[in-house]
file protein_37.txt (compact mmCIF, C-alpha atoms and all ligand atoms)
# COMPACT_ATOMS: atom_id res chain seq x y z
CA MET A 37 -15.43 -37.22 12.34
CA PRO A 38 -13.14 -34.24 11.74
CA THR A 39 -15.02 -31.00 11.23
CA GLU A 40 -14.56 -29.07 7.98
CA GLN A 41 -12.53 -26.55 9.96
CA SER A 42 -10.03 -29.13 11.15
CA VAL A 43 -9.30 -30.64 7.71
CA THR A 44 -8.70 -27.29 6.00
CA THR A 45 -5.20 -25.93 6.41
CA SER A 46 -5.17 -22.21 7.03
CA ALA A 47 -2.19 -20.07 6.13
CA ILE A 48 -3.62 -17.12 8.08
CA SER A 49 -5.66 -17.68 11.20
CA VAL A 50 -6.88 -14.95 13.53
CA ARG A 51 -8.97 -15.58 16.62
CA ASP A 52 -10.61 -13.03 18.91
CA LEU A 53 -8.11 -10.36 18.04
CA ASN A 54 -8.41 -7.10 19.97
CA PHE A 55 -6.45 -3.96 19.31
CA ALA A 56 -6.75 -0.39 20.60
CA TRP A 57 -4.61 2.68 20.00
CA ALA A 58 -2.95 4.45 22.94
CA SER A 59 -5.81 6.95 22.78
CA GLY A 60 -8.10 4.08 23.83
CA GLU A 61 -9.88 3.91 20.47
CA THR A 62 -10.81 0.26 19.84
CA VAL A 63 -10.00 -0.73 16.26
CA LEU A 64 -10.26 -4.53 16.28
CA ASP A 65 -12.94 -6.10 18.39
CA ARG A 66 -12.82 -9.91 18.70
CA CYS A 67 -11.83 -10.07 15.03
CA THR A 68 -11.82 -13.67 13.77
CA LEU A 69 -10.95 -14.97 10.30
CA SER A 70 -8.94 -17.58 8.47
CA VAL A 71 -7.61 -17.86 4.94
CA PRO A 72 -7.05 -21.35 3.51
CA LYS A 73 -3.59 -22.14 2.17
CA GLY A 74 -3.24 -21.53 -1.57
CA GLU A 75 -6.20 -19.13 -1.77
CA PHE A 76 -6.65 -15.48 -2.72
CA TRP A 77 -9.00 -13.68 -0.30
CA MET A 78 -10.06 -10.07 -0.16
CA LEU A 79 -10.83 -7.81 2.79
CA LEU A 80 -13.41 -5.07 2.37
CA GLY A 81 -14.94 -2.52 4.71
CA THR A 82 -15.63 1.18 5.05
CA ASN A 83 -12.87 3.73 5.74
CA GLY A 84 -11.64 3.34 9.29
CA SER A 85 -13.11 -0.15 9.80
CA GLY A 86 -9.64 -1.49 10.69
CA LYS A 87 -8.38 -3.17 7.50
CA SER A 88 -4.89 -1.62 7.44
CA THR A 89 -4.53 -2.10 11.19
CA LEU A 90 -5.38 -5.79 10.80
CA LEU A 91 -2.77 -6.21 8.04
CA ARG A 92 -0.15 -4.49 10.21
CA LEU A 93 -0.97 -6.82 13.10
CA LEU A 94 -0.68 -9.84 10.77
CA ALA A 95 2.71 -8.59 9.56
CA GLY A 96 3.91 -8.16 13.16
CA LEU A 97 4.24 -4.38 12.77
CA LEU A 98 1.80 -3.84 15.65
CA LYS A 99 1.19 -5.86 18.80
CA PRO A 100 -2.35 -6.99 19.63
CA LYS A 101 -3.96 -6.25 22.99
CA SER A 102 -5.19 -9.84 23.09
CA GLY A 103 -6.16 -12.71 20.82
CA ASN A 104 -4.35 -15.16 18.63
CA ILE A 105 -2.60 -14.85 15.24
CA GLU A 106 -1.16 -17.81 13.33
CA ILE A 107 0.62 -16.97 10.08
CA GLY A 108 3.54 -18.38 8.10
CA ASP A 109 6.97 -16.99 8.93
CA ARG A 110 7.56 -15.74 5.38
CA VAL A 111 5.15 -12.84 5.07
CA GLY A 112 5.40 -10.25 2.30
CA PHE A 113 3.72 -6.84 2.68
CA VAL A 114 2.71 -4.63 -0.24
CA PHE A 115 1.62 -1.08 0.58
CA GLN A 116 -0.90 1.14 -1.18
CA ASN A 117 1.82 3.48 -2.38
CA PRO A 118 4.86 1.61 -3.80
CA ASP A 119 6.98 4.77 -3.42
CA HIS A 120 6.92 4.02 0.32
CA GLN A 121 8.69 0.70 -0.11
CA LEU A 122 10.96 0.90 -3.17
CA VAL A 123 14.21 2.35 -1.89
CA MET A 124 16.94 1.66 -4.46
CA PRO A 125 17.57 3.41 -7.81
CA THR A 126 16.86 0.45 -10.11
CA VAL A 127 14.47 -2.50 -10.20
CA GLY A 128 17.17 -5.18 -9.81
CA ALA A 129 18.98 -3.28 -7.04
CA ASP A 130 15.75 -2.81 -5.12
CA ILE A 131 14.92 -6.50 -5.08
CA ALA A 132 18.52 -7.46 -4.27
CA PHE A 133 18.52 -4.97 -1.37
CA GLY A 134 15.58 -6.83 0.16
CA LEU A 135 17.74 -9.98 0.24
CA VAL A 136 20.72 -8.47 2.08
CA SER A 137 19.87 -10.09 5.43
CA GLU A 138 19.71 -13.55 3.81
CA ASN A 139 23.49 -13.77 3.28
CA LEU A 140 23.24 -15.18 -0.25
CA SER A 141 26.08 -15.38 -2.76
CA TYR A 142 26.10 -12.99 -5.72
CA SER A 143 24.83 -15.68 -8.09
CA GLU A 144 22.08 -16.83 -5.70
CA THR A 145 20.94 -13.24 -5.30
CA ARG A 146 20.99 -12.71 -9.05
CA GLN A 147 18.95 -15.87 -9.58
CA ARG A 148 16.33 -14.85 -6.99
CA VAL A 149 16.02 -11.39 -8.57
CA GLU A 150 15.61 -12.85 -12.07
CA GLU A 151 13.10 -15.50 -10.97
CA SER A 152 10.99 -13.03 -9.04
CA LEU A 153 10.90 -10.53 -11.91
CA SER A 154 9.91 -13.28 -14.29
CA ALA A 155 7.06 -14.25 -11.90
CA VAL A 156 5.58 -10.75 -12.22
CA ASN A 157 6.32 -10.45 -15.97
CA LEU A 158 8.99 -7.77 -15.60
CA SER A 159 12.04 -9.73 -16.76
CA GLN A 160 13.03 -7.04 -19.24
CA MET A 161 13.11 -4.32 -16.58
CA ILE A 162 15.91 -5.44 -14.27
CA ARG A 163 18.06 -2.36 -15.07
CA ARG A 164 15.18 0.10 -15.34
CA PRO A 165 15.31 3.08 -12.93
CA ILE A 166 12.42 2.99 -10.46
CA TYR A 167 11.37 6.53 -11.47
CA ALA A 168 10.79 5.31 -15.02
CA LEU A 169 8.13 2.76 -14.03
CA SER A 170 4.37 3.15 -14.10
CA GLY A 171 2.39 2.75 -10.86
CA GLY A 172 1.35 -0.77 -11.82
CA GLN A 173 4.94 -1.74 -12.64
CA LYS A 174 6.11 -0.37 -9.28
CA GLN A 175 3.52 -2.51 -7.52
CA ARG A 176 4.81 -5.54 -9.44
CA VAL A 177 8.36 -4.74 -8.28
CA ALA A 178 7.12 -4.58 -4.67
CA ILE A 179 5.44 -7.97 -5.16
CA ALA A 180 8.59 -9.37 -6.81
CA GLY A 181 10.51 -8.29 -3.69
CA ALA A 182 8.24 -10.47 -1.56
CA ILE A 183 8.54 -13.39 -4.00
CA ALA A 184 12.35 -13.07 -3.99
CA ARG A 185 12.32 -13.36 -0.19
CA HIS A 186 10.29 -16.57 -0.65
CA ALA A 187 7.21 -15.17 1.03
CA SER A 188 4.46 -17.76 1.26
CA VAL A 189 1.85 -15.29 2.46
CA LEU A 190 1.21 -11.95 0.73
CA LEU A 191 -0.58 -9.10 2.51
CA LEU A 192 -1.58 -6.37 0.06
CA ASP A 193 -3.10 -3.11 1.31
CA GLU A 194 -5.06 -1.46 -1.52
CA PRO A 195 -2.34 -2.17 -4.10
CA THR A 196 -4.56 -0.93 -6.93
CA ALA A 197 -5.73 2.29 -5.28
CA LEU A 198 -3.44 4.44 -7.41
CA LEU A 199 -3.90 2.51 -10.67
CA ASP A 200 -6.21 3.17 -13.61
CA GLY A 201 -8.80 0.57 -14.60
CA GLU A 202 -6.63 -1.32 -17.05
CA ASN A 203 -3.60 -1.56 -14.74
CA GLN A 204 -5.90 -2.43 -11.85
CA ILE A 205 -7.34 -5.49 -13.59
CA ASP A 206 -3.92 -6.44 -14.91
CA LEU A 207 -2.47 -6.46 -11.37
CA VAL A 208 -5.31 -8.29 -9.68
CA ALA A 209 -5.36 -10.95 -12.41
CA SER A 210 -1.60 -11.47 -12.21
CA VAL A 211 -1.56 -11.72 -8.41
CA ARG A 212 -4.31 -14.34 -8.60
CA ASP A 213 -2.24 -16.19 -11.19
CA LEU A 214 0.87 -16.01 -9.01
CA VAL A 215 -1.00 -17.29 -5.94
CA LYS A 216 -2.24 -20.30 -7.89
CA LYS A 217 1.04 -21.05 -9.71
CA LYS A 218 3.24 -20.80 -6.63
CA ASN A 219 0.70 -22.06 -4.12
CA LEU A 220 0.89 -18.82 -2.11
CA THR A 221 -1.82 -17.38 0.11
CA ALA A 222 -2.89 -13.75 -0.24
CA LEU A 223 -5.06 -11.30 1.66
CA TRP A 224 -5.85 -8.27 -0.51
CA VAL A 225 -7.52 -5.13 0.84
CA THR A 226 -9.67 -3.20 -1.60
CA HIS A 227 -12.58 -0.82 -2.04
CA ARG A 228 -12.98 -1.69 -5.72
CA LEU A 229 -15.80 -4.19 -6.04
CA ASN A 230 -14.93 -5.42 -9.55
CA GLU A 231 -11.79 -7.03 -8.08
CA LEU A 232 -14.00 -9.49 -6.21
CA ASP A 233 -14.41 -11.38 -9.51
CA TYR A 234 -10.82 -12.63 -9.03
CA ALA A 235 -11.10 -13.71 -5.38
CA ASP A 236 -11.64 -17.15 -3.88
CA GLY A 237 -13.41 -15.55 -0.95
CA ALA A 238 -13.85 -12.27 0.91
CA PHE A 239 -14.34 -10.81 4.39
CA LEU A 240 -16.41 -7.80 5.24
CA LEU A 241 -15.05 -5.83 8.19
CA GLU A 242 -17.17 -3.38 10.14
CA ARG A 243 -16.00 -1.59 13.27
CA GLY A 244 -13.21 -4.10 13.70
CA GLN A 245 -15.35 -7.23 13.37
CA VAL A 246 -15.84 -9.63 10.48
CA ILE A 247 -19.58 -9.30 9.91
CA ASP A 248 -19.79 -11.42 6.74
CA LYS A 249 -17.50 -13.74 4.79
CA GLY A 250 -17.44 -16.28 2.00
CA ASP A 251 -18.50 -16.18 -1.66
CA PRO A 252 -16.99 -13.02 -3.17
CA ILE A 253 -19.77 -12.60 -5.74
CA ARG A 254 -22.46 -12.74 -3.06
CA LEU A 255 -20.57 -10.09 -1.05
CA LYS A 256 -20.14 -8.01 -4.22
CA GLN A 257 -23.93 -8.02 -4.70
CA ILE A 258 -24.53 -7.01 -1.08
CA LEU A 259 -22.05 -4.14 -1.33
CA LEU A 260 -23.38 -2.99 -4.71
CA GLU A 261 -26.89 -2.82 -3.28
CA ARG A 262 -25.59 -0.75 -0.35
CA SER A 263 -23.84 1.80 -2.56
N1 LIG A 301 -1.19 5.44 13.82
C1 LIG A 301 -2.44 5.62 14.29
N2 LIG A 301 -2.66 6.18 15.49
C2 LIG A 301 -3.91 6.35 15.98
N3 LIG A 301 -5.04 5.98 15.33
C3 LIG A 301 -4.88 5.41 14.12
C4 LIG A 301 -3.59 5.20 13.52
N4 LIG A 301 -3.75 4.61 12.31
C5 LIG A 301 -5.08 4.46 12.14
N5 LIG A 301 -5.76 4.93 13.23
C6 LIG A 301 -7.22 4.87 13.42
O1 LIG A 301 -7.61 3.49 13.48
C7 LIG A 301 -8.87 3.30 12.84
C8 LIG A 301 -8.72 2.20 11.78
O2 LIG A 301 -7.84 2.67 10.77
P1 LIG A 301 -7.36 1.76 9.55
O3 LIG A 301 -6.29 2.53 8.88
O4 LIG A 301 -7.05 0.41 10.06
O5 LIG A 301 -8.70 1.72 8.68
P2 LIG A 301 -8.93 1.15 7.21
O6 LIG A 301 -10.06 0.18 7.30
O7 LIG A 301 -7.65 0.69 6.64
O8 LIG A 301 -9.46 2.45 6.44
P3 LIG A 301 -9.20 2.95 4.91
O9 LIG A 301 -10.24 2.25 4.08
O10 LIG A 301 -9.48 4.42 4.98
O11 LIG A 301 -7.80 2.64 4.52
C9 LIG A 301 -9.29 4.66 12.27
O12 LIG A 301 -10.20 5.23 13.15
C10 LIG A 301 -7.99 5.43 12.25
O13 LIG A 301 -8.24 6.80 12.42
MG MG A 302 -6.45 1.30 5.04
call {"tool": "encode", "arguments": {"input": "protein_37.txt", "output": "structure tokens", "more": "lines below"}}
Ligand SMILES: Nc1ncnc2c1ncn2[C@@H]1O[C@H](COP(=O)(O)OP(=O)(O)OP(=O)(O)O)[C@@H](O)[C@H]1O
Ligand SMILES: [Mg+2]
result
Amino acid sequence: MPTEQSVTTSAISVRDLNFAWASGETVLDRCTLSVPKGEFWMLLGTNGSGKSTLLRLLAGLLKPKSGNIEIGDRVGFVFQNPDHQLVMPTVGADIAFGLVSENLSYSETRQRVEESLSAVNLSQMIRRPIYALSGGQKQRVAIAGAIARHASVLLLDEPTALLDGENQIDLVASVRDLVKKKNLTALWVTHRLNELDYADGAFLLERGQVIDKGDPIRLKQILLERS
């Protein structure tokens, strides 16, 4: 009989991951988790528990000390502050710039830009200067960039941290929608417990270890009682 583990396909799988900074400070300590393909999972934990470090390891921006990471080869990363990743003057140019290394024709590039903006409901904004976007719209452009590059896995590090309540819920609901429509897999870091209502599951990280995981509403209750 196959175990439940072996019949579920994971898009992100991390086993016994260890990471320490050059100073010797251990950040991830036998960290183990997996996110099923097509699901939207959240990662919670106190400041300094290792969430951003884990995302950077998953994206290949840092090298682990030991342990195993399995993740699709099309990974999109969305940072807390979109100003750190939008580099071109307009929305369309920014997304197209992210496709430069793919050697696409002009019309293929144009099609990818249009499709990705439509996926995040920003079709009307292709010529809009980046400076004239709200924080939530900038985050959508960053997400569109990942969609245009055909990312199958999205890693989002506190994408709503700078947004007000309305834009926050708007973004989390639309990322969930996108994950389901396009059969993507997403790992979303947050401190905002109301976002757990949109998740398929959640992990709780403490001192670099996953100490609890599963039903997001159960974890929300636990964290609400703690606060
Ligand atoms: N570039 C770095 N060099 C050295 N230490 C770092 C570096 N970046 C983070 N750290 C340390 O690693 C630990 C984990 O940091 P990390 O940013 O992963 O936490 P986090 O869970 O994302 O916290 P937050 O909720 O505040 O974003 C912290 O103790 C932090 O000070
Ligand atoms: Mg962080």
call {"tool": "residues_around", "arguments": {"input": "protein_37.txt", "residues": "A:Arg66", "least_positions_apart": "6", "cutoff": "8 Å", "atoms": "all atoms listed in the file", "output": "VMD selection string"}}
result
chain A and resid 51 to 54 103 244 to 245
call {"tool": "write_last_selection", "arguments": {"input": "protein_37.txt", "atoms": "C-alpha atoms", "output": "CSV table (one decimal), in the coordinates of the input"}}
result
chain,number,residue,atom,x,y,z
A,51,ARG,CA,-9.0,-15.6,16.6
A,52,ASP,CA,-10.6,-13.0,18.9
A,53,LEU,CA,-8.1,-10.4,18.0
A,54,ASN,CA,-8.4,-7.1,20.0
A,103,GLY,CA,-6.2,-12.7,20.8
A,244,GLY,CA,-13.2,-4.1,13.7
A,245,GLN,CA,-15.4,-7.2,13.4
call {"tool": "residues_near_ligand", "arguments": {"input": "protein_37.txt", "ligand": "ligand MG 302 (chain A)", "cutoff": "8 Å", "atoms": "all atoms listed in the file", "output": "MDAnalysis selection string"}}
result
chainID A and resid 83:84 86:89 193:194 225
call {"tool": "residues_near_ligand", "arguments": {"input": "protein_37.txt", "ligand": "ligand LIG 301 (chain A)", "cutoff": "10 Å", "atoms": "all atoms listed in the file", "output": "ChimeraX atom specification"}}
result
/A:55-64,79-93,98,116,193-194,225-227,241-244
call {"tool": "atom_distance", "arguments": {"input": "protein_37.txt", "atom1": "atom CA of A:Arg212", "atom2": "atom CA of A:Leu94"}}
result
20.2 Å
call {"tool": "atom_distance", "arguments": {"input": "protein_37.txt", "atom1": "atom CA of A:Pro252", "atom2": "atom CA of A:Tyr234"}}
result
8.5 Å
call {"tool": "residues_around", "arguments": {"input": "protein_37.txt", "residues": "A:Ile253", "least_positions_apart": "3", "cutoff": "9 Å", "atoms": "only C-alpha atoms", "output": "PyMOL selection string"}}
result
chain A and resi 232-233+235+237-238+250+256-258
call {"tool": "residues_around", "arguments": {"input": "protein_37.txt", "residues": "stretch 182-190 of chain A", "least_positions_apart": "5", "cutoff": "8 Å", "atoms": "only C-alpha atoms", "output": "ChimeraX atom specification"}}
result
/A:47,107-108,110-114,131,134-135,148-149,151-152,219-223
call {"tool": "atom_distance", "arguments": {"input": "protein_37.txt", "atom1": "atom CA of A:Ala129", "atom2": "atom CA of A:Ile166"}}
result
9.7 Å
call {"tool": "closest_residue", "arguments": {"input": "protein_37.txt", "among": "A:Cys67, A:Asp200, A:Arg176, A:Val211", "to": "A:Lys101", "atoms": "all atoms listed in the file"}}
result
A:Cys67
call {"tool": "residues_around", "arguments": {"input": "protein_37.txt", "residues": "A:Val208", "least_positions_apart": "3", "cutoff": "9 Å", "atoms": "all atoms listed in the file", "output": "VMD selection string"}}
result
chain A and resid 195 to 196 203 to 205 211 to 213 231 234
call {"tool": "residues_around", "arguments": {"input": "protein_37.txt", "residues": "A:Met161", "least_positions_apart": "6", "cutoff": "10 Å", "atoms": "only C-alpha atoms", "output": "JSON, numbers by chain"}}
result
{"A": [126, 127, 128, 150, 153, 154, 169, 173, 177]}
call {"tool": "build_atoms", "arguments": {"input": "protein_37.txt", "residues": "stretch 174-194 of chain A", "atoms": "N, CA, C and O atoms", "output": "JSON list (two decimals), keeping the file's coordinate frame"}}
result
[["chain", "number", "residue", "atom", "x", "y", "z"],
["A", 174, "LYS", "N", 5.50, -0.49, -10.62],
["A", 174, "LYS", "CA", 6.11, -0.37, -9.28],
["A", 174, "LYS", "C", 5.47, -1.36, -8.32],
["A", 174, "LYS", "O", 6.17, -1.98, -7.51],
["A", 175, "GLN", "N", 4.17, -1.54, -8.40],
["A", 175, "GLN", "CA", 3.52, -2.51, -7.52],
["A", 175, "GLN", "C", 4.04, -3.92, -7.82],
["A", 175, "GLN", "O", 4.22, -4.72, -6.91],
["A", 176, "ARG", "N", 4.27, -4.21, -9.09],
["A", 176, "ARG", "CA", 4.81, -5.54, -9.44],
["A", 176, "ARG", "C", 6.22, -5.72, -8.87],
["A", 176, "ARG", "O", 6.59, -6.82, -8.46],
["A", 177, "VAL", "N", 7.01, -4.64, -8.86],
["A", 177, "VAL", "CA", 8.36, -4.74, -8.28],
["A", 177, "VAL", "C", 8.26, -5.02, -6.77],
["A", 177, "VAL", "O", 8.99, -5.86, -6.22],
["A", 178, "ALA", "N", 7.32, -4.34, -6.12],
["A", 178, "ALA", "CA", 7.12, -4.58, -4.67],
["A", 178, "ALA", "C", 6.73, -6.04, -4.43],
["A", 178, "ALA", "O", 7.21, -6.69, -3.50],
["A", 179, "ILE", "N", 5.86, -6.57, -5.29],
["A", 179, "ILE", "CA", 5.44, -7.97, -5.16],
["A", 179, "ILE", "C", 6.61, -8.90, -5.46],
["A", 179, "ILE", "O", 6.84, -9.89, -4.76],
["A", 180, "ALA", "N", 7.40, -8.56, -6.48],
["A", 180, "ALA", "CA", 8.59, -9.37, -6.81],
["A", 180, "ALA", "C", 9.54, -9.42, -5.61],
["A", 180, "ALA", "O", 10.16, -10.46, -5.34],
["A", 181, "GLY", "N", 9.64, -8.32, -4.88],
["A", 181, "GLY", "CA", 10.51, -8.29, -3.69],
["A", 181, "GLY", "C", 10.07, -9.35, -2.68],
["A", 181, "GLY", "O", 10.91, -10.06, -2.11],
["A", 182, "ALA", "N", 8.76, -9.46, -2.50],
["A", 182, "ALA", "CA", 8.24, -10.47, -1.56],
["A", 182, "ALA", "C", 8.49, -11.88, -2.09],
["A", 182, "ALA", "O", 8.87, -12.78, -1.34],
["A", 183, "ILE", "N", 8.32, -12.05, -3.39],
["A", 183, "ILE", "CA", 8.54, -13.39, -4.00],
["A", 183, "ILE", "C", 10.02, -13.77, -3.86],
["A", 183, "ILE", "O", 10.35, -14.92, -3.56],
["A", 184, "ALA", "N", 10.91, -12.80, -4.08],
["A", 184, "ALA", "CA", 12.35, -13.07, -3.99],
["A", 184, "ALA", "C", 12.72, -13.51, -2.58],
["A", 184, "ALA", "O", 13.62, -14.34, -2.40],
["A", 185, "ARG", "N", 12.04, -12.96, -1.58],
["A", 185, "ARG", "CA", 12.32, -13.36, -0.19],
["A", 185, "ARG", "C", 11.60, -14.66, 0.18],
["A", 185, "ARG", "O", 11.55, -15.05, 1.33],
["A", 186, "HIS", "N", 11.02, -15.30, -0.83],
["A", 186, "HIS", "CA", 10.29, -16.57, -0.65],
["A", 186, "HIS", "C", 9.12, -16.44, 0.31],
["A", 186, "HIS", "O", 8.87, -17.35, 1.12],
["A", 187, "ALA", "N", 8.41, -15.33, 0.22],
["A", 187, "ALA", "CA", 7.21, -15.17, 1.03],
["A", 187, "ALA", "C", 6.19, -16.23, 0.62],
["A", 187, "ALA", "O", 6.02, -16.50, -0.57],
["A", 188, "SER", "N", 5.53, -16.81, 1.60],
["A", 188, "SER", "CA", 4.46, -17.76, 1.26],
["A", 188, "SER", "C", 3.10, -17.12, 1.48],
["A", 188, "SER", "O", 2.09, -17.62, 1.00],
["A", 189, "VAL", "N", 3.09, -16.02, 2.22],
["A", 189, "VAL", "CA", 1.85, -15.29, 2.46],
["A", 189, "VAL", "C", 2.05, -13.84, 2.01],
["A", 189, "VAL", "O", 3.04, -13.20, 2.39],
["A", 190, "LEU", "N", 1.14, -13.34, 1.19],
["A", 190, "LEU", "CA", 1.21, -11.95, 0.73],
["A", 190, "LEU", "C", 0.07, -11.16, 1.38],
["A", 190, "LEU", "O", -1.09, -11.58, 1.32],
["A", 191, "LEU", "N", 0.42, -10.02, 1.97],
["A", 191, "LEU", "CA", -0.58, -9.10, 2.51],
["A", 191, "LEU", "C", -0.51, -7.84, 1.66],
["A", 191, "LEU", "O", 0.55, -7.21, 1.56],
["A", 192, "LEU", "N", -1.60, -7.49, 1.01],
["A", 192, "LEU", "CA", -1.58, -6.37, 0.06],
["A", 192, "LEU", "C", -2.64, -5.35, 0.46],
["A", 192, "LEU", "O", -3.83, -5.65, 0.49],
["A", 193, "ASP", "N", -2.19, -4.14, 0.81],
["A", 193, "ASP", "CA", -3.10, -3.11, 1.31],
["A", 193, "ASP", "C", -3.45, -2.13, 0.18],
["A", 193, "ASP", "O", -2.67, -1.23, -0.13],
["A", 194, "GLU", "N", -4.58, -2.31, -0.41],
["A", 194, "GLU", "CA", -5.06, -1.46, -1.52],
["A", 194, "GLU", "C", -3.98, -1.25, -2.59],
["A", 194, "GLU", "O", -3.65, -0.11, -2.94]]
